[in-house]
file target05.txt (compact mmCIF, C-alpha atoms and all ligand atoms)
# COMPACT_ATOMS: atom_id res chain seq x y z
CA MET A 248 133.76 95.13 105.99
CA ALA A 249 132.04 96.42 102.88
CA HIS A 250 132.57 94.18 99.89
CA LYS A 251 134.36 95.86 97.01
CA ILE A 252 132.74 93.93 94.14
CA LEU A 253 129.55 92.24 95.25
CA LYS A 254 126.37 94.03 96.29
CA ARG A 255 124.47 92.56 99.22
CA ARG A 256 121.32 93.12 101.24
CA GLY A 257 121.75 94.69 104.66
CA VAL A 258 121.65 92.74 107.93
CA LEU A 259 119.10 93.57 110.64
CA PHE A 260 121.40 92.86 113.59
CA VAL A 261 119.56 92.40 116.91
CA LEU A 262 121.36 92.56 120.26
CA SER A 263 119.34 91.60 123.33
CA SER A 264 120.31 90.82 126.92
CA PRO A 265 119.07 91.14 130.44
CA SER A 266 119.78 94.67 131.62
CA GLY A 267 123.39 94.98 132.82
CA ALA A 268 124.88 92.10 130.81
CA GLY A 269 126.81 94.53 128.60
CA LYS A 270 124.72 94.96 125.47
CA SER A 271 125.07 98.77 125.28
CA THR A 272 128.84 98.55 125.82
CA ILE A 273 129.16 96.13 122.92
CA ALA A 274 126.74 98.07 120.71
CA ARG A 275 128.73 101.26 121.27
CA ARG A 276 131.99 99.57 120.32
CA LEU A 277 130.43 98.07 117.21
CA LEU A 278 129.04 101.41 116.04
CA ALA A 279 132.33 103.18 116.73
CA SER A 280 134.43 100.59 114.88
CA ASP A 281 132.31 100.01 111.79
CA ASP A 282 130.86 102.64 109.48
CA GLN A 283 128.66 100.12 107.62
CA ILE A 284 126.24 99.66 110.53
CA ARG A 285 123.90 102.22 112.10
CA MET A 286 121.63 102.17 115.14
CA SER A 287 117.88 102.03 114.87
CA VAL A 288 116.62 104.68 117.32
CA SER A 289 113.44 103.38 118.94
CA ALA A 290 110.38 105.36 119.96
CA THR A 291 109.18 104.93 123.54
CA THR A 292 106.48 106.19 125.88
CA ARG A 293 108.73 105.87 128.93
CA PRO A 294 109.92 109.12 130.55
CA ILE A 295 113.31 110.46 129.55
CA ARG A 296 116.13 109.73 132.07
CA PRO A 297 118.77 112.24 133.12
CA GLY A 298 121.57 112.25 130.55
CA GLU A 299 119.43 110.87 127.73
CA VAL A 300 118.99 112.86 124.53
CA ASP A 301 115.68 112.90 122.65
CA GLY A 302 116.24 111.68 119.09
CA LYS A 303 119.57 110.03 119.97
CA ASP A 304 118.83 107.52 122.74
CA TYR A 305 115.13 107.28 121.92
CA HIS A 306 112.38 109.31 120.33
CA PHE A 307 110.36 110.12 123.44
CA VAL A 308 106.67 110.28 122.50
CA ASP A 309 103.38 110.30 124.40
CA LEU A 310 100.89 107.45 124.34
CA GLU A 311 98.63 109.19 121.84
CA ARG A 312 101.45 109.70 119.38
CA PHE A 313 102.68 106.13 119.85
CA ARG A 314 99.19 104.76 119.17
CA ALA A 315 98.90 106.89 116.04
CA MET A 316 102.23 105.53 114.81
CA VAL A 317 101.03 101.96 115.42
CA ALA A 318 97.77 102.67 113.55
CA ALA A 319 99.68 104.17 110.63
CA GLY A 320 101.93 101.10 110.37
CA ASP A 321 104.97 103.19 111.23
CA PHE A 322 106.67 100.44 113.28
CA LEU A 323 108.60 97.40 112.07
CA GLU A 324 107.87 95.93 115.49
CA TRP A 325 106.66 97.21 118.82
CA ALA A 326 106.05 95.78 122.30
CA HIS A 327 105.13 96.48 125.90
CA VAL A 328 108.28 96.37 128.02
CA PHE A 329 108.30 97.08 131.78
CA GLY A 330 104.99 98.96 131.62
CA HIS A 331 105.88 101.19 128.66
CA ARG A 332 105.71 100.88 124.88
CA TYR A 333 108.75 100.64 122.66
CA GLY A 334 108.91 100.38 118.88
CA SER A 335 111.36 100.45 115.97
CA PRO A 336 110.34 103.12 113.43
CA ARG A 337 110.10 101.67 109.93
CA GLY A 338 111.14 104.65 107.76
CA PRO A 339 114.73 105.20 108.96
CA VAL A 340 115.48 101.46 108.90
CA GLU A 341 114.24 101.04 105.33
CA LYS A 342 116.26 104.07 104.29
CA MET A 343 119.45 102.66 105.85
CA LEU A 344 118.93 99.22 104.32
CA ASN A 345 118.21 100.74 100.92
CA SER A 346 121.45 102.67 101.04
CA GLY A 347 123.40 99.46 101.67
CA LEU A 348 123.90 99.81 105.42
CA ASP A 349 123.31 97.25 108.17
CA VAL A 350 121.07 98.21 111.08
CA LEU A 351 121.67 97.48 114.77
CA PHE A 352 118.64 97.00 117.05
CA ASP A 353 118.78 97.11 120.85
CA ILE A 354 115.37 95.51 121.41
CA ASP A 355 113.89 92.80 123.60
CA TRP A 356 112.89 89.23 122.69
CA GLN A 357 109.41 90.29 121.57
CA GLY A 358 110.93 92.70 119.07
CA ALA A 359 113.45 90.10 117.89
CA GLN A 360 110.59 87.66 117.30
CA GLN A 361 108.49 90.16 115.33
CA LEU A 362 111.41 91.33 113.20
CA TYR A 363 112.22 87.72 112.40
CA GLN A 364 108.62 87.01 111.40
CA ASN A 365 108.57 89.99 109.04
CA TRP A 366 112.12 90.03 107.65
CA GLY A 367 113.17 86.41 108.10
CA GLY A 368 116.59 85.61 106.74
CA ASP A 369 117.97 89.14 106.90
CA VAL A 370 117.54 89.24 110.69
CA VAL A 371 120.42 88.03 112.88
CA ARG A 372 119.55 87.67 116.56
CA VAL A 373 122.26 87.73 119.22
CA PHE A 374 121.58 87.25 122.92
CA ILE A 375 124.17 88.23 125.51
CA LEU A 376 124.26 86.45 128.87
CA PRO A 377 126.13 87.51 132.00
CA PRO A 378 128.60 84.95 133.40
CA SER A 379 126.50 84.70 136.60
CA LEU A 380 123.66 86.47 138.42
CA GLU A 381 126.14 87.71 141.05
CA GLU A 382 128.21 89.36 138.32
CA LEU A 383 125.07 90.85 136.73
CA ASP A 384 124.17 92.42 140.07
CA ARG A 385 127.75 93.68 140.52
CA ARG A 386 127.75 95.31 137.05
CA LEU A 387 124.42 97.02 137.63
CA ARG A 388 125.76 98.50 140.88
CA ALA A 389 129.11 99.43 139.35
CA ARG A 390 127.39 101.21 136.44
CA GLY A 391 125.99 103.62 138.98
CA THR A 392 123.00 104.74 136.91
CA ASP A 393 120.20 103.19 138.98
CA SER A 394 118.81 103.32 142.50
CA HIS A 395 118.77 100.23 144.72
CA GLU A 396 115.08 99.68 143.88
CA VAL A 397 115.62 99.94 140.13
CA ILE A 398 118.54 97.48 140.32
CA GLN A 399 116.36 95.06 142.28
CA GLY A 400 113.66 95.38 139.61
CA ARG A 401 116.20 94.67 136.84
CA MET A 402 117.49 91.62 138.72
CA ASP A 403 113.92 90.37 139.24
CA ARG A 404 113.26 90.62 135.50
CA ALA A 405 116.57 89.07 134.44
CA ALA A 406 115.35 85.48 134.78
CA ALA A 407 112.27 86.20 132.64
CA GLU A 408 114.43 87.74 129.91
CA ILE A 409 117.00 84.94 130.05
CA SER A 410 114.19 82.39 129.58
CA HIS A 411 113.88 83.58 125.95
CA TRP A 412 117.46 82.59 125.07
CA ASP A 413 116.24 79.99 122.58
CA GLY A 414 114.62 82.59 120.34
CA TYR A 415 118.08 83.72 119.18
CA ASP A 416 120.52 82.59 116.50
CA TYR A 417 123.58 83.14 118.71
CA VAL A 418 123.92 83.12 122.50
CA LEU A 419 127.12 84.59 123.93
CA VAL A 420 128.46 84.91 127.47
CA ASN A 421 129.94 88.32 128.20
CA ASP A 422 132.66 87.35 130.66
CA ASP A 423 135.59 89.21 129.12
CA VAL A 424 134.23 92.22 127.23
CA ASP A 425 137.01 92.20 124.59
CA ALA A 426 136.42 88.52 123.83
CA CYS A 427 132.66 88.99 123.65
CA PHE A 428 133.00 91.99 121.38
CA GLU A 429 135.29 89.98 119.10
CA GLU A 430 132.66 87.22 118.90
CA VAL A 431 129.98 89.75 117.96
CA ARG A 432 132.33 91.13 115.28
CA GLN A 433 132.92 87.66 113.86
CA ILE A 434 129.19 86.94 113.72
CA LEU A 435 128.48 90.17 111.86
CA ASP A 436 131.38 89.65 109.44
CA ALA A 437 130.33 86.08 108.64
CA GLU A 438 126.65 86.99 108.28
CA ARG A 439 127.55 89.73 105.81
CA LEU A 440 129.24 87.13 103.61
CA LYS A 441 126.27 84.71 103.46
CA ARG A 442 125.47 83.71 99.90
CA SER A 443 121.76 84.42 100.36
CA ARG A 444 122.53 88.11 100.96
CA GLN A 445 124.77 88.56 97.91
CA THR A 446 122.33 90.12 95.47
CA GLY A 447 125.03 90.75 92.86
CA LEU A 448 126.27 87.16 92.85
CA ILE A 449 124.29 85.65 89.96
CA GLY A 450 125.31 88.35 87.49
CA PHE A 451 128.89 88.25 88.69
CA VAL A 452 129.21 84.47 88.38
CA ARG A 453 127.59 84.50 84.91
CA LYS A 454 130.32 86.79 83.70
CA LEU A 455 132.94 84.33 85.03
CA MET A 456 131.43 81.39 83.15
CA PRO A 457 132.10 80.64 79.50
CA GLN A 458 129.15 81.48 77.19
CA GLY A 459 127.12 78.38 76.24
P1 LIG B 1 123.26 96.72 129.28
O1 LIG B 1 123.28 97.64 128.10
O2 LIG B 1 123.15 95.29 128.88
O3 LIG B 1 122.25 97.11 130.32
P2 LIG B 1 125.90 97.89 129.94
O4 LIG B 1 126.59 97.80 128.62
O5 LIG B 1 125.41 99.22 130.41
O6 LIG B 1 124.69 96.80 130.01
O7 LIG B 1 126.88 97.23 131.01
C1 LIG B 1 126.60 97.26 132.41
C2 LIG B 1 127.89 97.64 133.19
O8 LIG B 1 128.81 96.54 133.13
C3 LIG B 1 128.62 98.84 132.60
O9 LIG B 1 129.16 99.61 133.67
C4 LIG B 1 129.74 98.21 131.76
O10 LIG B 1 130.86 99.06 131.68
C5 LIG B 1 130.05 96.94 132.55
N1 LIG B 1 130.51 95.79 131.72
C6 LIG B 1 130.09 95.42 130.49
N2 LIG B 1 130.71 94.28 130.08
C7 LIG B 1 131.55 93.93 131.09
C8 LIG B 1 132.47 92.84 131.30
N3 LIG B 1 132.66 91.86 130.39
N4 LIG B 1 133.15 92.79 132.47
C9 LIG B 1 132.96 93.73 133.41
N5 LIG B 1 132.12 94.78 133.28
C10 LIG B 1 131.41 94.88 132.16
P1 LIG B 2 115.32 100.88 128.67
O1 LIG B 2 114.02 101.51 129.06
O2 LIG B 2 116.11 100.38 129.84
O3 LIG B 2 116.12 101.79 127.75
O4 LIG B 2 114.98 99.61 127.77
C1 LIG B 2 114.20 98.60 128.30
C2 LIG B 2 114.12 97.42 127.34
O5 LIG B 2 113.37 97.78 126.17
C3 LIG B 2 115.47 96.88 126.83
O6 LIG B 2 115.44 95.46 126.99
C4 LIG B 2 115.47 97.23 125.37
O7 LIG B 2 116.19 96.28 124.62
C5 LIG B 2 113.99 97.21 125.03
N1 LIG B 2 113.68 98.03 123.86
C6 LIG B 2 114.18 99.26 123.55
N2 LIG B 2 113.68 99.69 122.38
C7 LIG B 2 112.84 98.73 121.93
C8 LIG B 2 112.03 98.60 120.74
O8 LIG B 2 111.99 99.46 119.87
N3 LIG B 2 111.30 97.45 120.63
C9 LIG B 2 111.33 96.47 121.57
N4 LIG B 2 110.60 95.37 121.35
N5 LIG B 2 112.09 96.56 122.69
C10 LIG B 2 112.83 97.67 122.87
call {"tool": "encode", "arguments": {"input": "target05.txt", "output": "structure tokens", "more": "lines below"}}
Ligand code: ADP
Ligand code: 5GP
result
Amino acid sequence: MAHKILKRRGVLFVLSSPSGAGKSTIARRLLASDDQIRMSVSATTRPIRPGEVDGKDYHFVDLERFRAMVAAGDFLEWAHVFGHRYGSPRGPVEKMLNSGLDVLFDIDWQGAQQLYQNWGGDVVRVFILPPSLEELDRRLRARGTDSHEVIQGRMDRAAAEISHWDGYDYVLVNDDVDACFEEVRQILDAERLKRSRQTGLIGFVRKLMPQG
């Protein structure tokens, strides 16, 4: 929760997982339960899916526009994922951080790596694993958003994504969704309290110490 007395820098909170492990479910709960964190809406060249809203789920742009944004330095990070380009627009994130908010990123391991290279200590990377491949497959089917072929493609890519588990600060298993959400909550709460993020601490402590 927001600290009453001490100012702090915002956290760039990255959630990654193989598709179907439950990252969106947990991200949604986090955003709904905490008004100090906001989502970074990525830009992508992939086609919009039924039910998606431009500007809310993604900013859907064509390749020319995406390239122009890359050339202008408009992305904090960007990557090729599954044959399309995805990137995190810089402006909105800087604005949120400057107004004291934390920012949630639903990006892949390449994005997590780039963010970490550029923002270092303010980036917290969380990777969510499914309890088993059978359960991952079951969740993808139960979600009911994808055709058999798309589910097969997601399962084929799961192993490649899981192989990047060691590029993360925290690795969680989403067996029980309530328990996993609680772990994500605890990580965010503890990271917010880190001394290195407390920009108001030196001044505050000076006032508590007797004058020499
Ligand atoms: P992702 O964003 O990682 O692709 P989703 O959040 O869409 O995954 O979750 C995939 C499906 O699995 C959804 O239908 C979701 O409701 C369900 N789900 C998420 N976590 C759990 C869990 N711990 N146990 C059972 N089902 C889950
Ligand atoms: P989808 O097309 O299913 O929405 O997302 C595919 C993958 O792209 C997911 O693993 C998601 O985390 C990743 N992704 C979405 N936005 C970005 C982004 O801005 N940067 C990077 N590096 N990956 C992204």
call {"tool": "residues_around", "arguments": {"input": "target05.txt", "residues": "A:Arg442", "least_positions_apart": "5", "cutoff": "10 Å", "atoms": "all atoms listed in the file", "output": "MDAnalysis selection string"}}
result
chainID A and resid 255 447:448
call {"tool": "write_last_selection", "arguments": {"input": "target05.txt", "atoms": "C-alpha atoms", "output": "PDB file, in the frame of the given file"}}
result
ATOM      1  CA  ARG A 255     124.470  92.560  99.220  1.00  0.00           C
ATOM      2  CA  GLY A 447     125.030  90.750  92.860  1.00  0.00           C
ATOM      3  CA  LEU A 448     126.270  87.160  92.850  1.00  0.00           C
TER       4      LEU A 448
END
call {"tool": "closest_residue", "arguments": {"input": "target05.txt", "among": "A:Pro294, A:Leu262, A:Asp321, A:His411", "to": "A:Val308", "atoms": "all atoms listed in the file"}}
result
A:Pro294
call {"tool": "closest_residue", "arguments": {"input": "target05.txt", "among": "A:Ala437, A:Leu419, A:Val373, A:Ala326", "to": "ligand LIG 2 (chain B)", "atoms": "only C-alpha atoms and all ligand atoms"}}
result
A:Ala326
call {"tool": "residues_near_ligand", "arguments": {"input": "target05.txt", "ligand": "ligand LIG 1 (chain B)", "cutoff": "7 Å", "atoms": "all atoms listed in the file", "output": "list in words"}}
result
Ser264, Pro265, Ser266, Gly267, Ala268, Gly269, Lys270, Ser271, Thr272, Ile273, Arg386, Leu387, Ala389, Arg390, Asn421, Asp422, Asp423 and Val424 of chain A
call {"tool": "write_last_selection", "arguments": {"input": "target05.txt", "atoms": "C-alpha atoms", "output": "PDB file, in the coordinates of the input"}}
result
ATOM      1  CA  SER A 264     120.310  90.820 126.920  1.00  0.00           C
ATOM      2  CA  PRO A 265     119.070  91.140 130.440  1.00  0.00           C
ATOM      3  CA  SER A 266     119.780  94.670 131.620  1.00  0.00           C
ATOM      4  CA  GLY A 267     123.390  94.980 132.820  1.00  0.00           C
ATOM      5  CA  ALA A 268     124.880  92.100 130.810  1.00  0.00           C
ATOM      6  CA  GLY A 269     126.810  94.530 128.600  1.00  0.00           C
ATOM      7  CA  LYS A 270     124.720  94.960 125.470  1.00  0.00           C
ATOM      8  CA  SER A 271     125.070  98.770 125.280  1.00  0.00           C
ATOM      9  CA  THR A 272     128.840  98.550 125.820  1.00  0.00           C
ATOM     10  CA  ILE A 273     129.160  96.130 122.920  1.00  0.00           C
ATOM     11  CA  ARG A 386     127.750  95.310 137.050  1.00  0.00           C
ATOM     12  CA  LEU A 387     124.420  97.020 137.630  1.00  0.00           C
ATOM     13  CA  ALA A 389     129.110  99.430 139.350  1.00  0.00           C
ATOM     14  CA  ARG A 390     127.390 101.210 136.440  1.00  0.00           C
ATOM     15  CA  ASN A 421     129.940  88.320 128.200  1.00  0.00           C
ATOM     16  CA  ASP A 422     132.660  87.350 130.660  1.00  0.00           C
ATOM     17  CA  ASP A 423     135.590  89.210 129.120  1.00  0.00           C
ATOM     18  CA  VAL A 424     134.230  92.220 127.230  1.00  0.00           C
TER      19      VAL A 424
END
call {"tool": "residues_near_ligand", "arguments": {"input": "target05.txt", "ligand": "ligand LIG 2 (chain B)", "cutoff": "10 Å", "atoms": "all atoms listed in the file", "output": "PyMOL selection string"}}
result
chain A and resi 261-267+270-271+287-296+299+304-306+322-336+352-362+401+405+408
call {"tool": "atom_distance", "arguments": {"input": "target05.txt", "atom1": "atom CA of A:Asn345", "atom2": "atom CA of A:Arg276"}}
result
23.8 Å
call {"tool": "closest_residue", "arguments": {"input": "target05.txt", "among": "A:Asp349, A:Asp384, A:Asp425, A:Glu430", "to": "A:Gln399", "atoms": "all atoms listed in the file"}}
result
A:Asp384
call {"tool": "closest_residue", "arguments": {"input": "target05.txt", "among": "A:Arg388, A:Ile398, A:Leu278, A:Arg256", "to": "A:Arg444", "atoms": "all atoms listed in the file"}}
result
A:Arg256
call {"tool": "residues_around", "arguments": {"input": "target05.txt", "residues": "A:Ile434", "least_positions_apart": "3", "cutoff": "12 Å", "atoms": "all atoms listed in the file", "output": "count of residues only"}}
result
23
call {"tool": "atom_distance", "arguments": {"input": "target05.txt", "atom1": "atom CA of A:Leu344", "atom2": "atom CA of A:Val370"}}
result
11.9 Å
call {"tool": "atom_distance", "arguments": {"input": "target05.txt", "atom1": "atom CA of A:Leu348", "atom2": "atom CA of A:Arg285"}}
result
7.1 Å
call {"tool": "closest_residue", "arguments": {"input": "target05.txt", "among": "A:Arg453, A:Arg337, A:Arg432, A:Lys342", "to": "A:Val317", "atoms": "only C-alpha atoms"}}
result
A:Arg337
call {"tool": "closest_residue", "arguments": {"input": "target05.txt", "among": "A:Ser394, A:Ser443, A:Ser346, A:Ser280", "to": "A:Gly368", "atoms": "all atoms listed in the file"}}
result
A:Ser443
